[in-house]
file run-v8.txt (compact mmCIF, N, CA and C atoms)
# COMPACT_ATOMS: atom_id res chain seq x y z
N MET R 544 1.73 -254.89 37.50
CA MET R 544 0.87 -254.06 38.34
C MET R 544 0.68 -252.69 37.68
N PRO R 545 -0.55 -252.19 37.72
CA PRO R 545 -0.77 -250.85 37.17
C PRO R 545 -0.04 -249.80 38.01
N ALA R 546 0.37 -248.74 37.34
CA ALA R 546 1.04 -247.64 38.05
C ALA R 546 0.07 -247.04 39.05
N GLY R 547 0.59 -246.68 40.23
CA GLY R 547 -0.23 -246.03 41.24
C GLY R 547 -0.91 -247.00 42.18
N THR R 548 -0.70 -248.30 41.99
CA THR R 548 -1.30 -249.28 42.89
C THR R 548 -0.58 -249.22 44.23
N LEU R 549 -1.34 -249.06 45.30
CA LEU R 549 -0.75 -248.93 46.62
C LEU R 549 -0.21 -250.26 47.13
N TYR R 550 -1.01 -251.32 47.04
CA TYR R 550 -0.59 -252.62 47.53
C TYR R 550 -0.14 -253.47 46.36
N ARG R 551 0.92 -254.17 46.55
CA ARG R 551 1.46 -255.02 45.49
C ARG R 551 1.58 -256.47 45.96
N GLY R 552 0.57 -256.95 46.68
CA GLY R 552 0.57 -258.33 47.12
C GLY R 552 1.44 -258.57 48.34
N ARG R 553 1.76 -257.56 49.07
CA ARG R 553 2.61 -257.72 50.24
C ARG R 553 1.74 -257.82 51.49
N GLU R 554 2.38 -257.71 52.65
CA GLU R 554 1.69 -257.92 53.92
C GLU R 554 0.50 -256.97 54.11
N GLY R 555 0.65 -255.73 53.73
CA GLY R 555 -0.43 -254.77 53.90
C GLY R 555 -1.69 -255.15 53.16
N MET R 556 -1.52 -255.65 51.93
CA MET R 556 -2.69 -256.05 51.15
C MET R 556 -3.36 -257.26 51.78
N TRP R 557 -2.58 -258.24 52.20
CA TRP R 557 -3.16 -259.45 52.76
C TRP R 557 -3.83 -259.19 54.10
N SER R 558 -3.28 -258.28 54.89
CA SER R 558 -3.96 -257.94 56.15
C SER R 558 -5.27 -257.21 55.86
N TRP R 559 -5.29 -256.38 54.81
CA TRP R 559 -6.50 -255.68 54.40
C TRP R 559 -7.57 -256.69 53.98
N VAL R 560 -7.17 -257.68 53.16
CA VAL R 560 -8.11 -258.71 52.70
C VAL R 560 -8.62 -259.53 53.88
N ALA R 561 -7.70 -259.97 54.75
CA ALA R 561 -8.10 -260.79 55.90
C ALA R 561 -9.02 -260.02 56.83
N HIS R 562 -8.79 -258.71 56.98
CA HIS R 562 -9.64 -257.91 57.85
C HIS R 562 -11.06 -257.85 57.29
N ARG R 563 -11.18 -257.68 55.98
CA ARG R 563 -12.52 -257.63 55.37
C ARG R 563 -13.21 -258.98 55.44
N VAL R 564 -12.47 -260.06 55.13
CA VAL R 564 -13.06 -261.40 55.14
C VAL R 564 -13.54 -261.77 56.55
N THR R 565 -12.70 -261.51 57.57
CA THR R 565 -13.12 -261.83 58.94
C THR R 565 -14.31 -260.97 59.35
N GLY R 566 -14.34 -259.73 58.92
CA GLY R 566 -15.49 -258.88 59.23
C GLY R 566 -16.78 -259.42 58.64
N VAL R 567 -16.73 -259.89 57.40
CA VAL R 567 -17.92 -260.46 56.75
C VAL R 567 -18.34 -261.75 57.45
N LEU R 568 -17.38 -262.60 57.80
CA LEU R 568 -17.70 -263.84 58.50
C LEU R 568 -18.36 -263.56 59.85
N ILE R 569 -17.84 -262.59 60.58
CA ILE R 569 -18.43 -262.23 61.87
C ILE R 569 -19.84 -261.68 61.68
N PHE R 570 -20.04 -260.87 60.64
CA PHE R 570 -21.37 -260.35 60.35
C PHE R 570 -22.36 -261.48 60.09
N PHE R 571 -21.97 -262.47 59.27
CA PHE R 571 -22.87 -263.58 58.98
C PHE R 571 -23.16 -264.41 60.22
N PHE R 572 -22.16 -264.60 61.08
CA PHE R 572 -22.42 -265.30 62.33
C PHE R 572 -23.46 -264.55 63.15
N LEU R 573 -23.29 -263.23 63.28
CA LEU R 573 -24.24 -262.44 64.07
C LEU R 573 -25.64 -262.50 63.47
N PHE R 574 -25.72 -262.50 62.13
CA PHE R 574 -27.01 -262.61 61.46
C PHE R 574 -27.69 -263.93 61.80
N VAL R 575 -26.96 -265.03 61.71
CA VAL R 575 -27.51 -266.36 62.04
C VAL R 575 -27.85 -266.43 63.52
N HIS R 576 -27.02 -265.84 64.35
CA HIS R 576 -27.27 -265.86 65.80
C HIS R 576 -28.57 -265.13 66.14
N VAL R 577 -28.80 -264.00 65.51
CA VAL R 577 -30.05 -263.26 65.75
C VAL R 577 -31.24 -264.09 65.28
N LEU R 578 -31.10 -264.73 64.11
CA LEU R 578 -32.21 -265.55 63.60
C LEU R 578 -32.51 -266.74 64.51
N ASP R 579 -31.46 -267.45 64.94
CA ASP R 579 -31.75 -268.62 65.78
C ASP R 579 -32.25 -268.22 67.16
N THR R 580 -31.82 -267.09 67.67
CA THR R 580 -32.34 -266.61 68.94
C THR R 580 -33.80 -266.18 68.81
N ALA R 581 -34.14 -265.58 67.68
CA ALA R 581 -35.53 -265.16 67.45
C ALA R 581 -36.45 -266.37 67.31
N LEU R 582 -35.88 -267.49 66.94
CA LEU R 582 -36.68 -268.70 66.77
C LEU R 582 -37.35 -269.15 68.07
N VAL R 583 -36.76 -268.80 69.19
CA VAL R 583 -37.33 -269.20 70.48
C VAL R 583 -38.73 -268.62 70.67
N ARG R 584 -39.01 -267.47 70.09
CA ARG R 584 -40.34 -266.87 70.22
C ARG R 584 -41.34 -267.52 69.28
N VAL R 585 -40.86 -268.06 68.18
CA VAL R 585 -41.75 -268.69 67.20
C VAL R 585 -42.07 -270.12 67.61
N SER R 586 -41.02 -270.88 67.95
CA SER R 586 -41.22 -272.28 68.31
C SER R 586 -40.10 -272.72 69.25
N PRO R 587 -40.36 -272.78 70.53
CA PRO R 587 -39.32 -273.21 71.48
C PRO R 587 -38.77 -274.61 71.17
N GLU R 588 -39.61 -275.50 70.64
CA GLU R 588 -39.14 -276.84 70.29
C GLU R 588 -38.14 -276.78 69.13
N ALA R 589 -38.46 -275.98 68.13
CA ALA R 589 -37.54 -275.82 67.00
C ALA R 589 -36.23 -275.18 67.46
N TYR R 590 -36.34 -274.23 68.37
CA TYR R 590 -35.13 -273.61 68.94
C TYR R 590 -34.27 -274.65 69.65
N ASP R 591 -34.91 -275.51 70.44
CA ASP R 591 -34.17 -276.57 71.14
C ASP R 591 -33.48 -277.51 70.15
N ASP R 592 -34.16 -277.82 69.04
CA ASP R 592 -33.56 -278.68 68.02
C ASP R 592 -32.33 -278.01 67.39
N VAL R 593 -32.44 -276.73 67.10
CA VAL R 593 -31.32 -276.00 66.51
C VAL R 593 -30.15 -275.95 67.49
N VAL R 594 -30.42 -275.65 68.74
CA VAL R 594 -29.37 -275.58 69.74
C VAL R 594 -28.71 -276.95 69.93
N ALA R 595 -29.49 -278.02 69.81
CA ALA R 595 -28.92 -279.37 69.93
C ALA R 595 -27.90 -279.63 68.82
N THR R 596 -28.14 -279.09 67.63
CA THR R 596 -27.17 -279.28 66.54
C THR R 596 -25.86 -278.54 66.82
N TYR R 597 -25.91 -277.53 67.67
CA TYR R 597 -24.70 -276.76 67.99
C TYR R 597 -23.73 -277.54 68.88
N LYS R 598 -24.16 -278.68 69.39
CA LYS R 598 -23.31 -279.45 70.29
C LYS R 598 -22.52 -280.53 69.55
N THR R 599 -22.47 -280.46 68.24
CA THR R 599 -21.75 -281.45 67.44
C THR R 599 -20.30 -281.02 67.25
N PRO R 600 -19.41 -281.98 66.99
CA PRO R 600 -18.00 -281.65 66.76
C PRO R 600 -17.76 -280.73 65.57
N ILE R 601 -18.58 -280.86 64.54
CA ILE R 601 -18.41 -279.99 63.36
C ILE R 601 -18.66 -278.54 63.74
N VAL R 602 -19.69 -278.30 64.53
CA VAL R 602 -19.98 -276.94 64.98
C VAL R 602 -18.88 -276.44 65.91
N ALA R 603 -18.27 -277.34 66.68
CA ALA R 603 -17.14 -276.94 67.53
C ALA R 603 -15.99 -276.42 66.66
N LEU R 604 -15.75 -277.06 65.53
CA LEU R 604 -14.72 -276.56 64.61
C LEU R 604 -15.11 -275.20 64.04
N LEU R 605 -16.39 -275.04 63.73
CA LEU R 605 -16.86 -273.73 63.25
C LEU R 605 -16.71 -272.67 64.34
N GLU R 606 -16.96 -273.03 65.60
CA GLU R 606 -16.76 -272.09 66.70
C GLU R 606 -15.29 -271.69 66.83
N TYR R 607 -14.41 -272.66 66.63
CA TYR R 607 -12.98 -272.36 66.67
C TYR R 607 -12.62 -271.39 65.54
N GLY R 608 -13.21 -271.59 64.38
CA GLY R 608 -13.02 -270.65 63.27
C GLY R 608 -13.56 -269.27 63.61
N LEU R 609 -14.69 -269.23 64.31
CA LEU R 609 -15.25 -267.95 64.73
C LEU R 609 -14.32 -267.24 65.70
N VAL R 610 -13.77 -268.00 66.66
CA VAL R 610 -12.81 -267.42 67.60
C VAL R 610 -11.61 -266.87 66.83
N ALA R 611 -11.13 -267.63 65.84
CA ALA R 611 -10.00 -267.19 65.02
C ALA R 611 -10.32 -265.89 64.30
N ALA R 612 -11.50 -265.82 63.72
CA ALA R 612 -11.90 -264.62 62.97
C ALA R 612 -12.03 -263.41 63.89
N ILE R 613 -12.67 -263.58 65.03
CA ILE R 613 -12.86 -262.46 65.96
C ILE R 613 -11.53 -261.98 66.51
N LEU R 614 -10.65 -262.92 66.90
CA LEU R 614 -9.35 -262.52 67.44
C LEU R 614 -8.52 -261.78 66.39
N PHE R 615 -8.46 -262.33 65.17
CA PHE R 615 -7.66 -261.64 64.15
C PHE R 615 -8.25 -260.27 63.84
N HIS R 616 -9.56 -260.21 63.70
CA HIS R 616 -10.21 -258.94 63.35
C HIS R 616 -9.95 -257.89 64.44
N ALA R 617 -10.05 -258.30 65.69
CA ALA R 617 -9.83 -257.36 66.80
C ALA R 617 -8.37 -256.90 66.86
N LEU R 618 -7.45 -257.86 66.80
CA LEU R 618 -6.02 -257.50 66.88
C LEU R 618 -5.59 -256.66 65.69
N ASN R 619 -6.04 -257.04 64.50
CA ASN R 619 -5.68 -256.25 63.32
C ASN R 619 -6.35 -254.88 63.36
N GLY R 620 -7.53 -254.80 63.93
CA GLY R 620 -8.18 -253.50 64.08
C GLY R 620 -7.38 -252.57 64.96
N LEU R 621 -6.82 -253.11 66.04
CA LEU R 621 -5.94 -252.29 66.89
C LEU R 621 -4.70 -251.84 66.12
N ARG R 622 -4.17 -252.74 65.28
CA ARG R 622 -3.02 -252.37 64.44
C ARG R 622 -3.39 -251.26 63.46
N VAL R 623 -4.56 -251.36 62.86
CA VAL R 623 -5.00 -250.32 61.93
C VAL R 623 -5.14 -248.97 62.64
N ILE R 624 -5.69 -249.01 63.86
CA ILE R 624 -5.80 -247.77 64.64
C ILE R 624 -4.42 -247.19 64.90
N ALA R 625 -3.46 -248.04 65.26
CA ALA R 625 -2.10 -247.57 65.51
C ALA R 625 -1.49 -246.98 64.25
N VAL R 626 -1.71 -247.63 63.10
CA VAL R 626 -1.17 -247.10 61.84
C VAL R 626 -1.79 -245.74 61.53
N ASP R 627 -3.07 -245.59 61.79
CA ASP R 627 -3.77 -244.35 61.46
C ASP R 627 -3.46 -243.20 62.42
N PHE R 628 -3.31 -243.50 63.70
CA PHE R 628 -3.22 -242.42 64.69
C PHE R 628 -1.86 -242.26 65.37
N TRP R 629 -0.91 -243.12 65.07
CA TRP R 629 0.42 -243.02 65.66
C TRP R 629 1.37 -242.55 64.58
N SER R 630 2.17 -241.55 64.89
CA SER R 630 3.05 -240.97 63.86
C SER R 630 4.03 -241.99 63.29
N LYS R 631 4.45 -242.96 64.08
CA LYS R 631 5.37 -243.99 63.59
C LYS R 631 4.64 -245.20 63.00
N GLY R 632 3.32 -245.19 63.07
CA GLY R 632 2.52 -246.32 62.63
C GLY R 632 2.76 -246.75 61.19
N PRO R 633 2.69 -245.84 60.22
CA PRO R 633 2.90 -246.27 58.83
C PRO R 633 4.27 -246.90 58.60
N ARG R 634 5.27 -246.39 59.27
CA ARG R 634 6.62 -246.92 59.10
C ARG R 634 6.76 -248.31 59.71
N LEU R 635 6.00 -248.58 60.77
CA LEU R 635 6.13 -249.83 61.50
C LEU R 635 4.98 -250.81 61.24
N GLN R 636 4.16 -250.53 60.23
CA GLN R 636 2.96 -251.35 60.02
C GLN R 636 3.31 -252.81 59.73
N LYS R 637 4.38 -253.08 59.01
CA LYS R 637 4.76 -254.46 58.71
C LYS R 637 5.15 -255.21 59.99
N GLN R 638 5.94 -254.58 60.84
CA GLN R 638 6.36 -255.21 62.09
C GLN R 638 5.15 -255.42 63.02
N MET R 639 4.25 -254.43 63.03
CA MET R 639 3.05 -254.58 63.86
C MET R 639 2.17 -255.72 63.35
N LEU R 640 2.11 -255.92 62.03
CA LEU R 640 1.34 -257.03 61.48
C LEU R 640 1.92 -258.35 61.94
N TRP R 641 3.23 -258.48 61.90
CA TRP R 641 3.84 -259.73 62.37
C TRP R 641 3.61 -259.92 63.86
N GLY R 642 3.59 -258.84 64.61
CA GLY R 642 3.25 -258.93 66.03
C GLY R 642 1.83 -259.42 66.23
N VAL R 643 0.91 -258.91 65.42
CA VAL R 643 -0.49 -259.35 65.47
C VAL R 643 -0.57 -260.84 65.17
N VAL R 644 0.13 -261.29 64.13
CA VAL R 644 0.09 -262.70 63.75
C VAL R 644 0.63 -263.58 64.88
N ILE R 645 1.72 -263.16 65.50
CA ILE R 645 2.32 -263.95 66.58
C ILE R 645 1.37 -264.02 67.78
N VAL R 646 0.82 -262.88 68.18
CA VAL R 646 -0.13 -262.87 69.31
C VAL R 646 -1.36 -263.70 68.97
N TRP R 647 -1.84 -263.58 67.73
CA TRP R 647 -3.00 -264.34 67.29
C TRP R 647 -2.72 -265.84 67.37
N LEU R 648 -1.56 -266.27 66.89
CA LEU R 648 -1.20 -267.69 66.94
C LEU R 648 -1.13 -268.20 68.38
N ILE R 649 -0.51 -267.42 69.26
CA ILE R 649 -0.42 -267.82 70.66
C ILE R 649 -1.82 -267.97 71.27
N LEU R 650 -2.69 -267.00 71.02
CA LEU R 650 -4.05 -267.06 71.57
C LEU R 650 -4.85 -268.22 70.96
N MET R 651 -4.64 -268.50 69.68
CA MET R 651 -5.35 -269.61 69.04
C MET R 651 -4.89 -270.95 69.61
N ILE R 652 -3.60 -271.08 69.89
CA ILE R 652 -3.11 -272.31 70.51
C ILE R 652 -3.72 -272.46 71.90
N MET R 653 -3.78 -271.34 72.63
CA MET R 653 -4.37 -271.39 73.98
C MET R 653 -5.87 -271.69 73.94
N ALA R 654 -6.54 -271.41 72.83
CA ALA R 654 -7.99 -271.62 72.72
C ALA R 654 -8.35 -273.03 72.27
N VAL R 655 -7.37 -273.85 71.90
CA VAL R 655 -7.68 -275.18 71.38
C VAL R 655 -8.48 -275.99 72.40
N TYR R 656 -7.98 -276.13 73.61
CA TYR R 656 -8.67 -276.98 74.58
C TYR R 656 -10.02 -276.40 75.02
N PRO R 657 -10.09 -275.11 75.39
CA PRO R 657 -11.40 -274.60 75.82
C PRO R 657 -12.48 -274.69 74.74
N VAL R 658 -12.10 -274.50 73.48
CA VAL R 658 -13.11 -274.49 72.42
C VAL R 658 -13.35 -275.90 71.87
N LEU R 659 -12.29 -276.67 71.69
CA LEU R 659 -12.43 -277.97 71.04
C LEU R 659 -12.42 -279.16 72.02
N GLY R 660 -12.25 -278.90 73.31
CA GLY R 660 -12.18 -279.98 74.29
C GLY R 660 -13.42 -280.85 74.30
N HIS R 661 -14.59 -280.23 74.25
CA HIS R 661 -15.85 -281.00 74.28
C HIS R 661 -15.96 -281.88 73.03
N ALA R 662 -15.61 -281.33 71.87
CA ALA R 662 -15.67 -282.11 70.63
C ALA R 662 -14.72 -283.30 70.69
N TYR R 663 -13.55 -283.10 71.25
CA TYR R 663 -12.59 -284.18 71.40
C TYR R 663 -13.15 -285.29 72.29
N ARG R 664 -13.77 -284.88 73.40
CA ARG R 664 -14.35 -285.88 74.31
C ARG R 664 -15.51 -286.62 73.67
N VAL R 665 -16.30 -285.93 72.85
CA VAL R 665 -17.41 -286.59 72.17
C VAL R 665 -16.88 -287.61 71.16
N LEU R 666 -15.85 -287.26 70.42
CA LEU R 666 -15.32 -288.14 69.38
C LEU R 666 -14.50 -289.29 69.94
N PHE R 667 -13.67 -289.01 70.97
CA PHE R 667 -12.71 -290.00 71.42
C PHE R 667 -12.92 -290.45 72.86
N GLY R 668 -13.93 -289.97 73.53
CA GLY R 668 -14.19 -290.34 74.91
C GLY R 668 -13.27 -289.63 75.87
N GLU R 669 -13.42 -289.92 77.14
CA GLU R 669 -12.60 -289.27 78.18
C GLU R 669 -11.24 -289.81 78.03

call {"tool": "encode", "arguments": {"input": "run-v8.txt", "output": "structure tokens"}}
result
Amino acid sequence: MPAGTLYRGREGMWSWVAHRVTGVLIFFFLFVHVLDTALVRVSPEAYDDVVATYKTPIVALLEYGLVAAILFHALNGLRVIAVDFWSKGPRLQKQMLWGVVIVWLILMIMAVYPVLGHAYRVLFGE
């Protein structure tokens, strides 16, 4: 590692990378969402066709990924705020990151049925 490098592949660097990646993924989702919503003014039939594709199991998995990205980005953003504005934040940033990961995992487990339940029923029946 070059001298003066702040992150050396530890938790702080990976949370930084994950925060940027989830932010970009959320941005692209919002971009596509605006485009497909705008389609309703151009061709309502084409809009209906696009929305029909959103009811597939593959898209349900993508929605679960979107939930994962939004939850991590939001929770890690709160951690970043705490690191920046709380006097003990820099000292406790590693512990707060593990707290974020644990809360994120719990919320993701809780989101399995609400997000993927329809896809499961489509694939395997009631």

call {"tool": "atom_distance", "arguments": {"input": "run-v8.txt", "atom1": "CA of Leu650 (chain R)", "atom2": "CA of Asp627 (chain R)"}}
result
24.9 Å

call {"tool": "atom_distance", "arguments": {"input": "run-v8.txt", "atom1": "atom N of Val594 (chain R)", "atom2": "CA of Glu606 (chain R)"}}
result
14.3 Å

call {"tool": "atom_distance", "arguments": {"input": "run-v8.txt", "atom1": "CA of Val646 (chain R)", "atom2": "CA of Glu554 (chain R)"}}
result
16.3 Å

call {"tool": "residues_around", "arguments": {"input": "run-v8.txt", "residues": "Leu618 (chain R)", "least_positions_apart": "4", "cutoff": "12 Å", "atoms": "only C-alpha atoms", "output": "number ranges by chain"}}
result
R: 558, 561-562, 565, 611-614, 622-625, 639-648, 650

call {"tool": "write_last_selection", "arguments": {"input": "run-v8.txt", "atoms": "N, CA and C atoms", "output": "CSV table (one decimal), in the frame of the given file"}}
result
chain,number,residue,atom,x,y,z
R,558,SER,N,-3.3,-258.3,54.9
R,558,SER,CA,-4.0,-257.9,56.2
R,558,SER,C,-5.3,-257.2,55.9
R,561,ALA,N,-7.7,-260.0,54.8
R,561,ALA,CA,-8.1,-260.8,55.9
R,561,ALA,C,-9.0,-260.0,56.8
R,562,HIS,N,-8.8,-258.7,57.0
R,562,HIS,CA,-9.6,-257.9,57.8
R,562,HIS,C,-11.1,-257.8,57.3
R,565,THR,N,-12.7,-261.5,57.6
R,565,THR,CA,-13.1,-261.8,58.9
R,565,THR,C,-14.3,-261.0,59.4
R,611,ALA,N,-11.1,-267.6,65.8
R,611,ALA,CA,-10.0,-267.2,65.0
R,611,ALA,C,-10.3,-265.9,64.3
R,612,ALA,N,-11.5,-265.8,63.7
R,612,ALA,CA,-11.9,-264.6,63.0
R,612,ALA,C,-12.0,-263.4,63.9
R,613,ILE,N,-12.7,-263.6,65.0
R,613,ILE,CA,-12.9,-262.5,66.0
R,613,ILE,C,-11.5,-262.0,66.5
R,614,LEU,N,-10.6,-262.9,66.9
R,614,LEU,CA,-9.4,-262.5,67.4
R,614,LEU,C,-8.5,-261.8,66.4
R,622,ARG,N,-4.2,-252.7,65.3
R,622,ARG,CA,-3.0,-252.4,64.4
R,622,ARG,C,-3.4,-251.3,63.5
R,623,VAL,N,-4.6,-251.4,62.9
R,623,VAL,CA,-5.0,-250.3,61.9
R,623,VAL,C,-5.1,-249.0,62.6
R,624,ILE,N,-5.7,-249.0,63.9
R,624,ILE,CA,-5.8,-247.8,64.6
R,624,ILE,C,-4.4,-247.2,64.9
R,625,ALA,N,-3.5,-248.0,65.3
R,625,ALA,CA,-2.1,-247.6,65.5
R,625,ALA,C,-1.5,-247.0,64.2
R,639,MET,N,4.2,-254.4,63.0
R,639,MET,CA,3.0,-254.6,63.9
R,639,MET,C,2.2,-255.7,63.4
R,640,LEU,N,2.1,-255.9,62.0
R,640,LEU,CA,1.3,-257.0,61.5
R,640,LEU,C,1.9,-258.4,61.9
R,641,TRP,N,3.2,-258.5,61.9
R,641,TRP,CA,3.8,-259.7,62.4
R,641,TRP,C,3.6,-259.9,63.9
R,642,GLY,N,3.6,-258.8,64.6
R,642,GLY,CA,3.2,-258.9,66.0
R,642,GLY,C,1.8,-259.4,66.2
R,643,VAL,N,0.9,-258.9,65.4
R,643,VAL,CA,-0.5,-259.4,65.5
R,643,VAL,C,-0.6,-260.8,65.2
R,644,VAL,N,0.1,-261.3,64.1
R,644,VAL,CA,0.1,-262.7,63.8
R,644,VAL,C,0.6,-263.6,64.9
R,645,ILE,N,1.7,-263.2,65.5
R,645,ILE,CA,2.3,-264.0,66.6
R,645,ILE,C,1.4,-264.0,67.8
R,646,VAL,N,0.8,-262.9,68.2
R,646,VAL,CA,-0.1,-262.9,69.3
R,646,VAL,C,-1.4,-263.7,69.0
R,647,TRP,N,-1.8,-263.6,67.7
R,647,TRP,CA,-3.0,-264.3,67.3
R,647,TRP,C,-2.7,-265.8,67.4
R,648,LEU,N,-1.6,-266.3,66.9
R,648,LEU,CA,-1.2,-267.7,66.9
R,648,LEU,C,-1.1,-268.2,68.4
R,650,LEU,N,-2.7,-267.0,71.0
R,650,LEU,CA,-4.0,-267.1,71.6
R,650,LEU,C,-4.8,-268.2,71.0

call {"tool": "select_by_dssp", "arguments": {"input": "run-v8.txt", "residues": "chain R", "states": "alpha helix (DSSP H)", "output": "PyMOL selection string"}}
result
chain R and resi 554-585+587-596+600-628+632-667

call {"tool": "closest_residue", "arguments": {"input": "run-v8.txt", "among": "R:Leu659, R:Val564, R:Ala654, R:Ile569", "to": "Leu609 (chain R)", "atoms": "all atoms listed in the file"}}
result
R:Ile569

call {"tool": "closest_residue", "arguments": {"input": "run-v8.txt", "among": "R:Lys637, R:His616, R:Arg584, R:His661", "to": "Met556 (chain R)", "atoms": "only C-alpha atoms"}}
result
R:Lys637
